[in-house]
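A quick write-up on the structure given underneath.
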Amino acid sequence: MPTLRDRNLRDYVSAAEAMEMLHVRAQTLYAYVSRGLIHSVAQKGVKDKLYLRDDINRVGKRTLARSGHGAVAASAMDWGEPIFPTSITEITPEGPRYRGHLASELVAAGVSFESVAQLLWTGELTMSAPLWPVRRASADIIKITQTLGAPPSHNNLLEAFGVVLLLLGMRRGPVAHRLLEQQTLLAARDIMHTVVGCCGLAGPARQFRLMRKGESMVQGLLASLSLEATGENSEALRTVLILMADHELPPGTLSARVVASSGGTLHSCLASALCATSGAGVGRLYDRVEEFLGHGQTAKALVEHAGRLLKQGQSLPGFGHPLYPKGDPRAAQLLDIARRRELQTRESRALFRFIDAIEASTGLRPRQEFALVVLARSMGLPPQATAALFVMGRLAGWVAHVQEQREACTLLRPRARFVAQG
């Protein structure tokens with residue numbers, strides 16, 4: 001049985017270890033916690049708390065940043081000082097704010113996902129839902145999705161999306177020609193329609209589904225995922241897409257901007273973002289939540305499982321967002337939709353009891369990944385659909401960041417700090 005002293009691949013540390021890592025006294029550590037800079041969790045039946053390793057590393061790097069430019073460059077790459085300014089999305093305690101508009105308020109106002117995408121791209125918000133023209137997918141796109149949808153490829157859904165986007169870009173001509181076209185938004189709409197079709201690979205049919213003329217993004221997703229086209233399902237998907245549309249600079253967004261800064265095409269930028277998102281720390285976090293939850297578990301069994309993980313110094317999948325010490329507001333909004341759905345199952349009731357119990361005993365609150373899995377389960381969606389829906393919404397933000405980075409006309413090239421080994 002691993003202990004807190006066995007810190008390999010562990011996410012939490014004891015107070016003594018935290019103070020040693022930061023070279024501070026207990027009072028300073030507790031001050032960091034009270035200011036929301038370091039997240040702590042209680043242990044059931046134990047007085048001492050555990051402290052999130054990532055937060056401790058981040059605070060340490062901020063301290064090092066005072067020592068010179070090299071340290072600043074290092075801290076900028078890991079939740080430290082901002083790498084560059086952006087006017088797209090502001091992170092607030094109430095959630096992301098797109099071009100001055102709180103995402104949750106856009107949802108409440110009934111704004112379409114297409115309108116939110118255009119807000120991110122142009123800075124202009126139209127309340128009426130724009131109708132994006134649908135281009136017919138080429139035969140080779142359909143053919144390759146048939147190959148990618150076959151087992152075991154369907155288990156690598158985000159990589160499959162990336163392959164399709166690269167092929168879609170190559171069909172538009174040479175790189176130099178595409179960069180001179182200046183048709184970024186036209187290409188962006190085409191990309192997003194194609195990915196809606198690719199979401200069919202996550203549905204029960206596991207096949208690409210062509211978007212129809214006059215369909216909205218939500219309508220296309222309902223059909224691709226074989227969901228009943230009810231108002232309840234439509235509202236759930238619209239909310240997910242809008243809340244996931246953008247969020248500061250996670251790996252996918254940063255990758256898109258790096259490729260854009262080097263002169264890459266939109267398709268290359270978004271394929272890079274998909275690859276960066278496909279790893280265990282982002283896109284596959286939904287899989288980790290699914291594995292943790294299992295199927296048919298009671299609230300008591302889940303609480304006991306969570307207690308064992310925390311006691312071993314491991315993180316609880318889908319809980320505790322570094323940017324939201326008081327709770328991820330996107331998760332709260334998604335869980336509220338799941339709670340209000342007409343058909344509450346025994347499993348969903350158990351999940352909500354588990355969430356309440358964890359918050360009461362540890363203070364941990366769910367992130368959007370956990371909430372999205374709960375909502376997807378309440379809608380009867382397969383596990384692969386959660387990451388697909390996240391990416392479907394995030395494409396809008398990635399396009400906006402590509403545009404902004406191109407306008408900056410700077411090559412993103414973070415410094416490396418050599419560390420001698422041995």
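Naming scheme: A, B, ... for chains in displayed order of the structure tokens; residues 1 onward per chain; ligands 1 onward as shown.
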Pick out the residues sitting within 7 Å of Leu50 (chain A), and hand them over as a PyMOL selection string; count only C-alpha atoms, and ignore anything fewer than 6 positions along from it in its own chain. chain A and resi 12-15+40-42
Residues within 12 Å of Arg97 (chain A), please, as an NGL selection string. Count only C-alpha atoms; anything in the same chain fewer than 5 positions from it doesn't count. :A and (87-92 or 102-107 or 116 or 119-120 or 242-248 or 329-330 or 397)
Could you turn the residues from that selection into a file that holds C-alpha atoms, as a short mmCIF file (atom, residue, chain, number, x, y, z; two decimals), in the first residue's frame?
```cif
data_model
loop_
_atom_site.label_atom_id
_atom_site.label_comp_id
_atom_site.auth_asym_id
_atom_site.auth_seq_id
_atom_site.Cartn_x
_atom_site.Cartn_y
_atom_site.Cartn_z
CA SER A 87 -8.73 39.74 -25.35
CA ILE A 88 -10.81 36.63 -25.99
CA THR A 89 -11.71 35.09 -22.64
CA GLU A 90 -11.42 36.29 -19.06
CA ILE A 91 -11.57 33.72 -16.25
CA THR A 92 -13.76 34.97 -13.41
CA LEU A 102 -20.35 35.73 -19.18
CA ALA A 103 -20.80 32.27 -20.72
CA SER A 104 -23.48 31.32 -18.21
CA GLU A 105 -25.47 34.43 -19.11
CA LEU A 106 -25.21 33.62 -22.81
CA VAL A 107 -26.71 30.22 -22.02
CA VAL A 116 -21.23 32.47 -29.46
CA LEU A 119 -18.73 36.44 -30.84
CA LEU A 120 -15.38 34.76 -30.11
CA ILE A 242 -21.24 27.25 -25.05
CA LEU A 243 -19.66 26.53 -21.66
CA MET A 244 -16.83 24.55 -23.28
CA ALA A 245 -16.16 27.09 -26.06
CA ASP A 246 -13.04 28.62 -24.49
CA HIS A 247 -11.10 28.71 -21.24
CA GLU A 248 -7.78 30.55 -20.89
CA PRO A 329 -19.22 27.25 -12.09
CA ARG A 330 -19.44 25.40 -15.41
CA GLY A 397 -12.27 29.11 -29.01
#
```
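With only C-alpha atoms as the atoms that count, the residue of A:Gln421, A:Thr239, A:Ser255, A:Thr386 with the shortest distance to Gln333 (chain A) is A:Thr239.
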Non-local contacts of Val218 (chain A) (9 Å; only C-alpha atoms; under 3 positions in same chain excluded) as a PDB file with N, CA and C atoms, in the first residue's frame:
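The resulting file, result_12.pdb, is reproduced below:
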```pdb
ATOM      1  N   SER A 112     -27.557  31.095 -29.464  1.00  0.00           N
ATOM      2  CA  SER A 112     -27.143  29.872 -30.150  1.00  0.00           C
ATOM      3  C   SER A 112     -25.633  29.692 -30.057  1.00  0.00           C
ATOM      4  N   PHE A 113     -25.192  28.460 -30.233  1.00  0.00           N
ATOM      5  CA  PHE A 113     -23.752  28.194 -30.223  1.00  0.00           C
ATOM      6  C   PHE A 113     -23.073  28.894 -31.395  1.00  0.00           C
ATOM      7  N   VAL A 196     -18.879  17.784 -36.451  1.00  0.00           N
ATOM      8  CA  VAL A 196     -20.222  17.348 -36.045  1.00  0.00           C
ATOM      9  C   VAL A 196     -20.526  15.994 -36.668  1.00  0.00           C
ATOM     10  N   GLU A 215     -29.522  22.682 -41.097  1.00  0.00           N
ATOM     11  CA  GLU A 215     -29.362  22.213 -39.730  1.00  0.00           C
ATOM     12  C   GLU A 215     -28.454  23.135 -38.929  1.00  0.00           C
ATOM     13  N   LEU A 221     -25.671  17.544 -34.137  1.00  0.00           N
ATOM     14  CA  LEU A 221     -25.149  16.680 -33.077  1.00  0.00           C
ATOM     15  C   LEU A 221     -26.196  15.700 -32.572  1.00  0.00           C
ATOM     16  N   LEU A 222     -27.426  16.170 -32.428  1.00  0.00           N
ATOM     17  CA  LEU A 222     -28.502  15.271 -32.004  1.00  0.00           C
ATOM     18  C   LEU A 222     -28.612  14.076 -32.950  1.00  0.00           C
ATOM     19  N   ALA A 223     -28.543  14.369 -34.249  1.00  0.00           N
ATOM     20  CA  ALA A 223     -28.654  13.296 -35.237  1.00  0.00           C
ATOM     21  C   ALA A 223     -27.405  12.413 -35.236  1.00  0.00           C
ATOM     22  N   SER A 234     -31.784  19.212 -26.656  1.00  0.00           N
ATOM     23  CA  SER A 234     -31.223  20.343 -27.409  1.00  0.00           C
ATOM     24  C   SER A 234     -30.622  21.377 -26.469  1.00  0.00           C
ATOM     25  N   GLU A 235     -31.349  21.675 -25.383  1.00  0.00           N
ATOM     26  CA  GLU A 235     -30.868  22.662 -24.424  1.00  0.00           C
ATOM     27  C   GLU A 235     -29.597  22.177 -23.726  1.00  0.00           C
ATOM     28  N   LEU A 237     -27.267  20.106 -24.949  1.00  0.00           N
ATOM     29  CA  LEU A 237     -26.134  20.185 -25.874  1.00  0.00           C
ATOM     30  C   LEU A 237     -25.716  21.627 -26.110  1.00  0.00           C
ATOM     31  N   ARG A 238     -26.686  22.531 -26.263  1.00  0.00           N
ATOM     32  CA  ARG A 238     -26.351  23.951 -26.469  1.00  0.00           C
ATOM     33  C   ARG A 238     -25.556  24.478 -25.279  1.00  0.00           C
ATOM     34  N   LEU A 241     -21.884  23.061 -25.316  1.00  0.00           N
ATOM     35  CA  LEU A 241     -21.047  23.676 -26.346  1.00  0.00           C
ATOM     36  C   LEU A 241     -20.626  25.092 -25.958  1.00  0.00           C
TER      37      LEU A 241
END
```
Of the listed residues A:Ser226, A:Ala271, A:Gly307, A:Ala396, that which approaches Met379 (chain A) most closely, counting only C-alpha atoms: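 That would be A:Ser226, the residue with the smallest distance to Met379 (chain A).
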Quick one: everything within 12 Å of Arg257 (chain A), counting only C-alpha atoms, minus sequence neighbours fewer than 5 positions away in the same chain. Send it as a PyMOL selection string. chain A and resi 83-84+86+248-252+262-266+268-273+276+397-413
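Using only C-alpha atoms, the shortest contact distance between Val59 (chain A) and any of A:Gly123, A:Pro322, A:Gln312, A:Gly162 is found at A:Pro322.
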Neighbours of Pro130 (chain A) within 10 Å (only C-alpha atoms; same-chain residues fewer than 3 positions away dropped), as a list in words?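 That gives Ser112, Phe113, Glu114, Ser115, Gln118, Thr126, Met127, Pro133 and Ser216 of chain A.
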Go ahead and write the residues just picked, C-alpha atoms, as an mmCIF file, in the first residue's frame.
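After the write, result00.cif holds the following:
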```
data_model
loop_
_atom_site.group_PDB
_atom_site.id
_atom_site.type_symbol
_atom_site.label_atom_id
_atom_site.label_comp_id
_atom_site.auth_asym_id
_atom_site.auth_seq_id
_atom_site.Cartn_x
_atom_site.Cartn_y
_atom_site.Cartn_z
ATOM 1 C CA SER A 112 -27.143 29.872 -30.150
ATOM 2 C CA PHE A 113 -23.752 28.194 -30.223
ATOM 3 C CA GLU A 114 -23.148 29.645 -33.688
ATOM 4 C CA SER A 115 -23.687 33.159 -32.294
ATOM 5 C CA GLN A 118 -18.983 34.347 -34.020
ATOM 6 C CA THR A 126 -26.090 38.570 -32.631
ATOM 7 C CA MET A 127 -29.106 37.240 -30.747
ATOM 8 C CA PRO A 133 -24.147 27.075 -45.155
ATOM 9 C CA SER A 216 -27.852 23.982 -36.751
#
```
Contact residues around Leu148 (chain A) with only C-alpha atoms at 12 Å, ignoring same-chain residues under 4 positions, as a CSV table (one decimal) with C-alpha atoms, in the first residue's frame:
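part.csv, written as the output of this step:
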```csv
chain,number,residue,atom,x,y,z
A,141,ILE,CA,-13.5,12.2,-46.1
A,142,ILE,CA,-16.4,9.8,-45.8
A,143,LYS,CA,-14.2,6.9,-46.7
A,144,ILE,CA,-11.5,7.7,-44.2
A,152,PRO,CA,-9.9,-0.2,-32.3
A,153,SER,CA,-9.7,3.3,-33.9
A,154,HIS,CA,-12.9,4.5,-32.4
A,155,ASN,CA,-11.2,4.4,-29.0
A,156,ASN,CA,-8.8,7.1,-30.3
A,157,LEU,CA,-11.5,9.6,-31.2
A,158,LEU,CA,-9.7,12.9,-30.8
A,159,GLU,CA,-6.7,11.6,-32.9
A,160,ALA,CA,-9.2,10.5,-35.5
A,161,PHE,CA,-10.7,14.0,-35.6
A,162,GLY,CA,-7.2,15.4,-36.1
A,163,VAL,CA,-6.5,13.0,-39.1
A,164,VAL,CA,-9.8,14.1,-40.7
A,198,CYS,CA,-17.4,12.9,-37.1
A,199,CYS,CA,-19.2,12.9,-33.7
A,200,GLY,CA,-21.2,10.1,-35.2
A,201,LEU,CA,-18.2,7.9,-34.6
A,202,ALA,CA,-19.0,8.2,-30.9
A,206,ARG,CA,-20.2,4.6,-35.1
A,207,GLN,CA,-20.2,6.2,-38.5
A,208,PHE,CA,-19.8,9.7,-40.1
```
For region 294-373 of chain A versus region 33-38 of chain A, which residues have an atom no more than 10 Å away, and what is each residue's nearest atom pair and distance in Å rounded to one decimal, using only C-alpha atoms, chain-then-number order, as JSON lines?
```
{"residue": "A:Pro322", "atom": "CA", "partner": "A:Ile38", "partner_atom": "CA", "distance": 8.3}
{"residue": "A:Leu323", "atom": "CA", "partner": "A:Gly36", "partner_atom": "CA", "distance": 9.1}
{"residue": "A:Tyr324", "atom": "CA", "partner": "A:Gly36", "partner_atom": "CA", "distance": 8.6}
{"residue": "A:Pro325", "atom": "CA", "partner": "A:Gly36", "partner_atom": "CA", "distance": 5.9}
{"residue": "A:Lys326", "atom": "CA", "partner": "A:Gly36", "partner_atom": "CA", "distance": 8.3}
```
Restricted to C-alpha atoms, what would the selected residues look like written as an mmCIF file, in the first residue's frame?
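Result file is part-v9.cif:
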```cif
data_model
loop_
_atom_site.group_PDB
_atom_site.id
_atom_site.type_symbol
_atom_site.label_atom_id
_atom_site.label_comp_id
_atom_site.auth_asym_id
_atom_site.auth_seq_id
_atom_site.Cartn_x
_atom_site.Cartn_y
_atom_site.Cartn_z
ATOM 1 C CA PRO A 322 -6.944 25.053 -9.860
ATOM 2 C CA LEU A 323 -8.606 28.176 -11.279
ATOM 3 C CA TYR A 324 -11.794 27.742 -9.256
ATOM 4 C CA PRO A 325 -10.933 27.168 -5.572
ATOM 5 C CA LYS A 326 -14.594 27.763 -4.676
#
```
So, counting only C-alpha atoms, which residue among A:Ala360, A:Ala260, A:Met192, A:Ile337 is closest to Val391 (chain A)?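 Ranked by minimum distance to Val391 (chain A), first place goes to A:Met192.
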Going by DSSP on the backbone, which bits of region 278-330 of chain A are helix (DSSP H, G or I)? Write them as a PyMOL selection string, please. chain A and resi 285-293+299-311+329-330
Which value, in Å to one decimal, gives the distance between CA of Ala387 (chain A) and CA of Ser224 (chain A)? 14.7 Å
